[in-house]
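Next comes work04.txt, a file with compact mmCIF, C-alpha atoms.
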# COMPACT_ATOMS: atom_id res chain seq x y z
CA MET A 1 122.26 30.45 39.08
CA LYS A 2 119.11 28.96 37.55
CA LYS A 3 117.50 31.14 34.91
CA ALA A 4 113.94 32.21 35.73
CA ALA A 5 111.22 30.84 33.45
CA THR A 6 109.50 33.34 31.20
CA PRO A 7 105.72 33.78 31.75
CA HIS A 8 105.06 32.02 28.44
CA SER A 9 106.67 28.80 29.66
CA TRP A 10 103.54 28.23 31.78
CA PHE A 11 101.42 28.30 28.65
CA LEU A 12 103.48 26.27 26.18
CA PRO A 13 101.63 22.94 26.76
CA LEU A 14 98.48 24.68 25.47
CA ASP A 15 100.11 24.68 22.04
CA LEU A 16 99.57 20.92 21.89
CA LEU A 17 95.79 21.31 22.04
CA ALA A 18 93.65 21.19 18.92
CA THR A 19 91.09 23.51 20.51
CA LEU A 20 91.54 27.29 20.35
CA VAL A 21 92.94 28.61 23.62
CA ALA A 22 93.94 32.04 24.93
CA VAL A 23 95.13 33.15 28.35
CA VAL A 24 93.89 36.67 29.08
CA ARG A 25 93.68 39.25 31.84
CA SER A 26 90.31 40.26 33.25
CA ASP A 27 90.40 43.36 31.02
CA GLY A 28 90.55 41.08 27.95
CA VAL A 29 94.19 41.66 26.98
CA VAL A 30 95.75 38.47 25.58
CA LEU A 31 98.78 37.12 27.43
CA PHE A 32 99.10 33.98 25.33
CA ALA A 33 97.43 32.50 22.24
CA ASN A 34 98.04 28.93 21.13
CA ALA A 35 98.82 27.83 17.58
CA ALA A 36 95.26 26.63 16.91
CA LEU A 37 93.85 30.08 17.72
CA GLU A 38 96.53 31.70 15.59
CA ASP A 39 95.49 29.51 12.63
CA ALA A 40 91.78 30.15 13.17
CA LEU A 41 92.14 33.92 13.29
CA GLY A 42 94.50 33.95 10.33
CA THR A 43 96.94 36.30 12.05
CA SER A 44 100.24 35.94 13.87
CA ARG A 45 100.57 35.18 17.55
CA ARG A 46 102.62 38.33 17.99
CA THR A 47 99.67 40.36 16.71
CA ILE A 48 97.14 38.56 18.94
CA GLU A 49 99.16 38.82 22.14
CA GLY A 50 98.73 42.25 23.65
CA SER A 51 95.46 42.85 21.82
CA ARG A 52 91.97 42.57 23.35
CA LEU A 53 90.36 39.17 22.81
CA PRO A 54 86.75 40.48 23.02
CA ASP A 55 87.44 42.53 19.86
CA CYS A 56 87.82 39.22 17.98
CA PHE A 57 84.11 38.46 18.49
CA THR A 58 81.04 39.81 16.74
CA GLU A 59 79.57 40.65 20.18
CA PRO A 60 82.61 41.67 22.26
CA HIS A 61 80.62 42.82 25.30
CA VAL A 62 79.49 39.26 26.10
CA LEU A 63 83.05 38.02 26.56
CA GLN A 64 84.07 41.19 28.38
CA ASN A 65 81.27 40.68 30.91
CA ALA A 66 82.29 37.04 31.33
CA LEU A 67 85.92 38.00 31.96
CA GLN A 68 84.93 40.59 34.53
CA GLY A 69 82.75 38.01 36.30
CA ALA A 70 85.60 35.49 36.36
CA GLY A 71 88.04 38.13 37.57
CA SER A 72 85.78 39.09 40.48
CA ASN A 73 85.17 35.41 41.42
CA GLU A 74 81.48 35.50 40.51
CA PHE A 75 81.93 32.04 38.94
CA ALA A 76 84.66 29.46 38.31
CA ALA A 77 83.62 28.70 34.73
CA LEU A 78 81.10 29.98 32.18
CA ARG A 79 79.97 28.60 28.83
CA TYR A 80 78.14 30.23 25.92
CA ASP A 81 78.00 30.21 22.11
CA ALA A 82 79.43 33.04 20.00
CA PHE A 83 80.89 33.99 16.61
CA LEU A 84 84.65 34.48 16.20
CA LYS A 85 85.70 37.01 13.57
CA ARG A 86 88.31 35.75 11.08
CA LEU A 87 90.48 37.51 8.53
CA HIS A 88 89.03 37.08 4.99
CA HIS A 89 86.54 34.44 6.23
CA GLU A 90 83.01 34.23 7.54
CA PRO A 91 82.68 34.36 11.36
CA LEU A 92 83.28 30.97 12.96
CA PRO A 93 80.56 29.65 15.33
CA VAL A 94 82.27 28.55 18.56
CA HIS A 95 81.39 27.32 22.02
CA VAL A 96 83.22 29.57 24.50
CA ILE A 97 84.45 28.32 27.89
CA VAL A 98 85.74 30.98 30.29
CA ALA A 99 87.51 29.52 33.32
CA GLN A 100 89.58 30.82 36.20
CA THR A 101 93.14 29.56 36.72
CA GLU A 102 95.20 29.09 39.87
CA ARG A 103 97.36 32.03 38.82
CA PRO A 104 95.93 35.42 39.90
CA GLY A 105 95.03 37.75 37.07
CA GLU A 106 94.98 34.99 34.41
CA ILE A 107 91.82 33.57 32.81
CA VAL A 108 91.70 30.77 30.25
CA VAL A 109 89.34 31.17 27.32
CA GLU A 110 88.81 27.97 25.31
CA LEU A 111 86.95 28.04 22.00
CA LEU A 112 85.44 24.87 20.56
CA PRO A 113 84.32 25.23 16.93
CA LEU A 114 80.73 23.98 16.95
CA GLU A 115 81.42 21.84 13.90
CA ALA A 116 84.22 20.10 15.81
CA GLN A 117 81.95 19.70 18.84
CA ALA A 118 79.28 18.11 16.65
CA LYS A 119 81.93 15.80 15.18
CA GLN A 120 83.06 14.74 18.65
CA ASP A 121 79.46 14.07 19.70
CA ARG A 122 78.94 12.00 16.53
CA GLU A 123 82.09 9.95 17.21
CA GLU A 124 81.00 9.26 20.77
CA ARG A 125 77.61 8.10 19.50
CA LEU A 126 79.33 5.75 17.02
CA ILE A 127 81.45 4.23 19.78
CA ASP A 128 78.51 3.80 22.14
CA GLN A 129 76.43 2.41 19.28
CA ALA A 130 79.10 -0.14 18.37
CA GLN A 131 79.35 -1.32 21.97
CA ALA A 132 75.57 -1.66 22.16
CA ASN A 133 75.60 -3.53 18.83
CA LYS A 134 78.19 -5.95 20.16
CA GLU A 135 76.13 -6.80 23.23
CA LEU A 136 72.93 -7.05 21.19
CA ILE A 137 74.54 -9.33 18.63
CA ARG A 138 76.00 -11.66 21.25
CA ASN A 139 72.78 -11.98 23.18
CA LEU A 140 70.53 -12.27 20.14
CA ALA A 141 72.79 -14.78 18.41
CA HIS A 142 72.83 -17.09 21.41
CA GLU A 143 69.06 -16.78 21.87
CA ILE A 144 68.54 -17.74 18.20
CA LYS A 145 71.16 -20.48 18.07
CA ASN A 146 69.82 -22.64 20.89
CA PRO A 147 66.33 -23.29 19.46
CA LEU A 148 67.66 -23.59 15.90
CA GLY A 149 69.31 -26.92 16.62
CA GLY A 150 66.05 -28.23 18.06
CA ILE A 151 64.01 -27.04 15.07
CA ARG A 152 66.42 -28.61 12.59
CA GLY A 153 66.60 -31.90 14.50
CA ALA A 154 62.82 -32.14 14.82
CA ALA A 155 62.40 -31.51 11.07
CA GLN A 156 64.89 -34.29 10.25
CA LEU A 157 63.10 -36.74 12.58
CA LEU A 158 59.76 -35.79 11.05
CA GLU A 159 61.16 -36.34 7.57
CA MET A 160 62.13 -39.91 8.53
CA GLU A 161 58.55 -40.65 9.65
CA ILE A 162 56.69 -39.47 6.54
CA GLU A 163 56.63 -41.16 3.16
CA SER A 164 55.03 -38.49 0.97
CA ARG A 165 57.61 -36.76 -1.25
CA ASP A 166 55.53 -33.56 -1.23
CA LEU A 167 55.50 -33.44 2.56
CA LYS A 168 59.24 -34.14 2.68
CA GLU A 169 59.78 -30.97 0.63
CA TYR A 170 58.31 -29.00 3.54
CA THR A 171 60.67 -30.56 6.06
CA GLN A 172 63.59 -29.87 3.71
CA VAL A 173 62.55 -26.21 3.59
CA ILE A 174 62.66 -26.13 7.40
CA VAL A 175 66.15 -27.71 7.45
CA HIS A 176 67.41 -25.36 4.72
CA GLU A 177 66.11 -22.22 6.45
CA ALA A 178 67.51 -23.38 9.81
CA ASP A 179 70.91 -23.83 8.17
CA ARG A 180 70.66 -20.35 6.59
CA LEU A 181 69.90 -18.80 9.96
CA GLN A 182 72.78 -20.75 11.52
CA THR A 183 75.15 -19.30 8.92
CA LEU A 184 73.87 -15.80 9.67
CA VAL A 185 74.37 -16.31 13.42
CA ASP A 186 77.90 -17.61 12.84
CA ARG A 187 78.70 -14.48 10.83
CA LEU A 188 77.34 -12.30 13.61
CA LEU A 189 79.51 -14.05 16.19
CA ALA A 190 82.63 -14.37 14.00
CA PRO A 191 84.47 -11.18 15.06
CA HIS A 192 83.95 -11.98 18.74
CA ARG A 193 85.14 -15.57 18.45
CA ARG A 194 88.24 -15.08 16.33
CA PRO A 195 91.39 -14.23 18.32
CA HIS A 196 93.06 -10.88 17.63
CA VAL A 197 96.27 -11.85 15.74
CA VAL A 198 98.68 -8.96 16.12
CA GLY A 199 101.65 -8.30 13.83
CA ASP A 200 103.28 -5.56 11.81
CA VAL A 201 100.80 -4.08 9.32
CA ASN A 202 101.62 -2.12 6.18
CA ILE A 203 98.38 -0.34 5.32
CA HIS A 204 99.28 -0.17 1.62
CA GLU A 205 99.64 -3.95 1.47
CA VAL A 206 96.11 -4.09 2.93
CA CYS A 207 94.83 -1.64 0.29
CA GLU A 208 96.56 -3.49 -2.56
CA ARG A 209 95.09 -6.81 -1.45
CA VAL A 210 91.59 -5.33 -1.39
CA ARG A 211 92.18 -3.53 -4.67
CA SER A 212 93.25 -6.75 -6.41
CA LEU A 213 90.18 -8.61 -5.09
CA ILE A 214 87.83 -5.84 -6.22
CA THR A 215 89.34 -5.46 -9.70
CA ALA A 216 89.18 -9.25 -10.16
CA GLU A 217 85.46 -9.21 -9.31
CA PHE A 218 84.73 -6.06 -11.37
CA PRO A 219 87.24 -6.17 -14.25
CA ARG A 220 85.34 -3.73 -16.49
CA GLY A 221 83.71 -0.38 -15.94
CA LEU A 222 85.45 0.32 -12.61
CA LYS A 223 88.62 2.39 -12.14
CA ALA A 224 90.36 1.67 -8.83
CA VAL A 225 92.63 4.63 -8.03
CA ARG A 226 95.62 4.63 -5.66
CA ASP A 227 96.39 7.83 -3.75
CA TYR A 228 98.93 6.78 -1.13
CA ASP A 229 101.16 8.60 1.32
CA ILE A 230 104.09 6.18 1.30
CA SER A 231 105.62 7.80 4.40
CA ILE A 232 103.00 6.16 6.65
CA PRO A 233 104.83 3.77 9.01
CA GLU A 234 103.89 0.21 9.82
CA PHE A 235 101.88 -0.32 12.98
CA ARG A 236 100.84 -3.23 15.16
CA GLY A 237 97.51 -4.76 14.22
CA ASP A 238 95.57 -7.69 12.80
CA ARG A 239 96.23 -7.63 9.07
CA GLU A 240 93.44 -10.04 8.13
CA GLN A 241 90.84 -8.13 10.13
CA LEU A 242 91.82 -4.87 8.45
CA ILE A 243 91.71 -6.48 5.00
CA GLN A 244 88.20 -7.73 5.78
CA ALA A 245 87.12 -4.31 7.06
CA VAL A 246 88.37 -2.45 3.98
CA LEU A 247 87.04 -5.17 1.67
CA ASN A 248 83.55 -4.91 3.21
CA ILE A 249 83.53 -1.16 2.62
CA ALA A 250 84.90 -1.44 -0.91
CA HIS A 251 82.49 -4.24 -1.82
CA ASN A 252 79.52 -2.22 -0.57
CA ALA A 253 80.74 0.71 -2.66
CA CYS A 254 80.98 -1.44 -5.79
CA GLN A 255 77.45 -2.73 -5.31
CA ALA A 256 76.25 0.88 -5.01
CA LEU A 257 78.21 1.67 -8.20
CA ALA A 258 76.37 -0.96 -10.27
CA ASP A 259 74.83 1.57 -12.68
CA ARG A 260 78.10 3.46 -13.13
CA ILE A 261 80.01 0.21 -13.65
CA ALA A 262 77.53 -0.68 -16.38
CA ALA A 263 78.08 2.78 -17.89
CA GLY A 264 81.85 2.38 -17.61
CA ASP A 265 82.60 5.46 -15.47
CA ALA A 266 82.69 4.04 -11.92
CA GLN A 267 85.57 5.13 -9.70
CA LEU A 268 86.85 3.82 -6.38
CA ILE A 269 89.68 5.71 -4.65
CA PHE A 270 91.95 4.30 -1.95
CA ARG A 271 93.59 7.28 -0.22
CA THR A 272 95.96 7.20 2.75
CA ARG A 273 97.11 10.16 4.80
CA ILE A 274 98.62 10.93 8.20
CA ALA A 275 96.46 13.00 10.55
CA ARG A 276 98.22 14.96 13.28
CA GLN A 277 96.96 15.93 16.72
CA VAL A 278 93.54 14.34 16.23
CA THR A 279 90.91 13.49 18.81
CA PHE A 280 88.51 10.58 18.43
CA GLY A 281 87.06 8.04 20.77
CA LYS A 282 87.44 10.60 23.60
CA GLN A 283 91.23 10.37 23.26
CA ARG A 284 93.82 12.59 21.63
CA TYR A 285 96.51 11.09 19.40
CA ARG A 286 99.68 12.68 18.11
CA LEU A 287 99.48 10.70 14.86
CA ALA A 288 96.74 8.65 13.24
CA LEU A 289 96.24 6.83 9.97
CA GLU A 290 93.48 8.14 7.72
CA LEU A 291 92.35 5.62 5.11
CA HIS A 292 89.63 6.88 2.78
CA VAL A 293 87.57 4.63 0.49
CA ILE A 294 85.77 7.02 -1.85
CA ASP A 295 83.29 6.20 -4.60
CA ASN A 296 81.32 8.27 -7.11
CA GLY A 297 78.07 6.39 -6.61
CA PRO A 298 74.59 7.65 -5.72
CA GLY A 299 75.37 8.06 -2.02
CA VAL A 300 73.94 6.45 1.09
CA PRO A 301 70.11 6.64 1.16
CA GLU A 302 68.88 9.33 3.55
CA SER A 303 66.56 6.82 5.21
CA ILE A 304 69.49 4.79 6.60
CA LYS A 305 72.32 7.37 6.72
CA ASP A 306 72.27 7.52 10.52
CA ARG A 307 71.97 3.74 10.90
CA ILE A 308 74.44 2.29 8.39
CA PHE A 309 76.62 0.75 11.10
CA TYR A 310 73.67 -0.93 12.79
CA PRO A 311 73.50 -4.71 12.29
CA LEU A 312 71.06 -5.98 9.65
CA VAL A 313 70.58 -2.51 8.10
CA SER A 314 71.17 -2.61 4.34
CA GLY A 315 70.63 -0.17 1.50
CA ARG A 316 70.10 -2.85 -1.13
CA GLU A 317 67.63 -5.65 -1.59
CA GLY A 318 69.01 -8.98 -0.47
CA GLY A 319 71.84 -7.44 1.56
CA SER A 320 72.61 -8.94 4.97
CA GLY A 321 73.45 -5.59 6.57
CA LEU A 322 76.48 -7.06 8.34
CA GLY A 323 79.38 -5.76 6.23
CA LEU A 324 79.71 -2.30 7.78
CA THR A 325 78.89 -3.55 11.28
CA LEU A 326 81.76 -6.04 11.09
CA ALA A 327 84.08 -3.43 9.54
CA GLN A 328 83.39 -1.02 12.42
CA THR A 329 83.97 -3.83 14.93
CA PHE A 330 87.33 -4.79 13.38
CA VAL A 331 88.55 -1.18 13.26
CA GLN A 332 87.45 -0.49 16.83
CA GLN A 333 89.48 -3.50 17.92
CA HIS A 334 92.44 -1.40 16.69
CA HIS A 335 91.24 1.51 18.90
CA GLY A 336 90.02 3.22 15.74
CA LEU A 337 86.80 4.40 14.18
CA ILE A 338 85.02 4.50 10.82
CA GLU A 339 83.15 7.62 9.73
CA CYS A 340 81.01 8.18 6.66
CA ASP A 341 80.42 11.37 4.69
CA SER A 342 78.00 10.86 1.81
CA VAL A 343 76.28 13.05 -0.76
CA PRO A 344 74.96 12.04 -4.20
CA GLY A 345 77.99 11.50 -6.42
CA ARG A 346 80.52 11.04 -3.61
CA THR A 347 80.65 8.73 -0.61
CA ASP A 348 83.73 8.78 1.64
CA PHE A 349 84.30 6.12 4.29
CA LYS A 350 87.19 7.24 6.51
CA LEU A 351 89.03 4.77 8.74
CA LEU A 352 90.97 6.37 11.61
CA ILE A 353 93.56 4.24 13.43
CA PRO A 354 96.12 5.56 15.95
CA LEU A 355 99.77 5.33 14.95
CA PRO A 356 102.68 4.86 17.37
Rewrite the coordinates I just gave you, this time as structure tokens.
Amino acid sequence: MKKAATPHSWFLPLDLLATLVAVVRSDGVVLFANAALEDALGTSRRTIEGSRLPDCFTEPHVLQNALQGAGSNEFAALRYDAFLKRLHHEPLPVHVIVAQTERPGEIVVELLPLEAQAKQDREERLIDQAQANKELIRNLAHEIKNPLGGIRGAAQLLEMEIESRDLKEYTQVIVHEADRLQTLVDRLLAPHRRPHVVGDVNIHEVCERVRSLITAEFPRGLKAVRDYDISIPEFRGDREQLIQAVLNIAHNACQALADRIAAGDAQLIFRTRIARQVTFGKQRYRLALELHVIDNGPGVPESIKDRIFYPLVSGREGGSGLGLTLAQTFVQQHHGLIECDSVPGRTDFKLLIPLP
């Protein structure tokens, strides 16, 4: 005879969610709490189950009213913001979603920490921004490239017709600037032209390659620190693209560290970790690579902090503003994302790439 499933077996998939979830009765008594909620409250699941969920909030009556409304079919789902009480911690601001289920007498309460919600919104903006950048770059590059050839050719023909050396200097300036713009356009189009060469990638080989290039360019005054999790497995990707992405970030960091390099106390950290059950790019991944490139420089200027991945935005004089744009493009071609957290004295660029 087949053994009947326990009530909890219906809820077990909720344990895989990163968001805080409880299944409750309309009177607020908890039937099931997932691991994320257990961690957030700082108490055991056994203690949570059987207790009243509204008592975990600073304003319990709001949730109680919502549960009663859901139980009496006044609505299918309700959202509001609240504060979740935590053991030995400040209350956690959360976005509460109260929803009916297909099972009578059971209501799902999902809690999204507002910080996590803001992070998800920021990631979605980065992805949308990168896609818009790609289209802008392609269109702009082609619009620039077509007339450039004509300008350069006309300048060369004009140079053949004039005899004055002084006037020829002007035509040479035109040719030189046309060539400079052509080089810039080629760099803009490079990641979209080059085929994606996929192979097995060891992220620490990527880091060591970048580290050797950086220490060769800045042999004094800069300490390049390794902080690796050697358990990270190989994954399928384009090794050269990832080297270029990490090199662009590291090179930008070193340029920002110019004063500290001169003083002899500059530091650049390459840190690798495995992230578990993470959500980015609107998808959830069981495992992901976290690669941090951290420097102790002055930080990203406030004036460009929200635009650093835009093309042609640079924090230094003479910069092309393409390094981070290309890095983001290369990482997104691996279904990943680059984030930046910067304050004076510490800038952390985090590369997230899904692992198999």
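Note that the spacing between CA of Leu12 (chain A) and CA of Tyr285 (chain A) amounts to 18.0 Å.
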**Within 10 Å of Lys305 (chain A) using all atoms listed in the file, minus same-chain residues under 2 positions, as JSON, numbers by chain** = {"A": [299, 300, 301, 302, 303, 307, 308, 309, 315, 340, 341, 342]}
**Item:** Point-to-point distance in Å for CA of Phe280 (chain A) and CA of Val98 (chain A)
**Value:** 23.8 Å
**Prompt:** Of the candidates A:Phe57, A:Trp10, A:Phe349, A:Phe330, which one gets nearest to Gly237 (chain A) if we count only C-alpha atoms?
**Reply:** A:Phe330
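CA of Ala288 (chain A) is found 21.1 Å from CA of Leu112 (chain A).
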**Complete:** Closest of A:Ile97, A:Glu205, A:Asp55, A:Ala66 to Leu84 (chain A), counting all atoms listed in the file, is A:Asp55
**Message:** If we count all atoms listed in the file and set the cut-off at 12 Å, which residues sit around Glu90 (chain A), ignoring sequence neighbours fewer than 3 positions away in its own chain? Please answer as a ChimeraX atom specification.
**Reply:** /A:40-42,57-58,83-87,93
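All residues of protein, DNA or RNA that reach within 7 Å of Arg276 (chain A), judged by all atoms listed in the file and not counting those fewer than 2 positions away in the chain, are Ile274, Val278, Arg286, Leu287 and Ala288 of chain A.
In this comparison, which uses all atoms listed in the file, the residue of A:Ala253, A:Ala76, A:Ala70, A:Ala22 approaching Ile214 (chain A) most closely is A:Ala253.
With distances restricted to all atoms listed in the file, A:Asp295 is the closest residue to Asp265 (chain A) from A:Asp348, A:Glu208, A:Glu234, A:Asp295.
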**Message:** Just want the 10 Å neighbourhood of Leu31 (chain A), counted on all atoms listed in the file, with same-chain residues fewer than 5 positions away dropped. Output as an MDAnalysis selection string.
**Reply:** chainID A and resid 7:8 11 22:25 48:53 106:108
**Item:** Nearby residues (only C-alpha atoms) at most 10 Å from Arg79 (chain A), same-chain spacing under 3 positions excluded, as a VMD selection string
**Value:** chain A and resid 66 82 95 to 99 109 to 111
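Distances to Arg211 (chain A) were evaluated for A:Met160, A:Leu268, A:Leu322, A:Leu67 using all atoms listed in the file, and the minimum falls at A:Leu268.
For the set A:Val185, A:Leu63, A:Leu222, A:Leu16, the residue with the smallest atom-to-atom gap to Ala263 (chain A) is A:Leu222, counting only C-alpha atoms.
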Centre and edges of the region 153-156 of chain A box, axis-aligned, 5 Å extra per side, as lines of an AutoDock Vina configuration file:
center_x = 64.5
center_y = -32.9
center_z = 12.5
size_x = 14.2
size_y = 12.8
size_z = 14.6
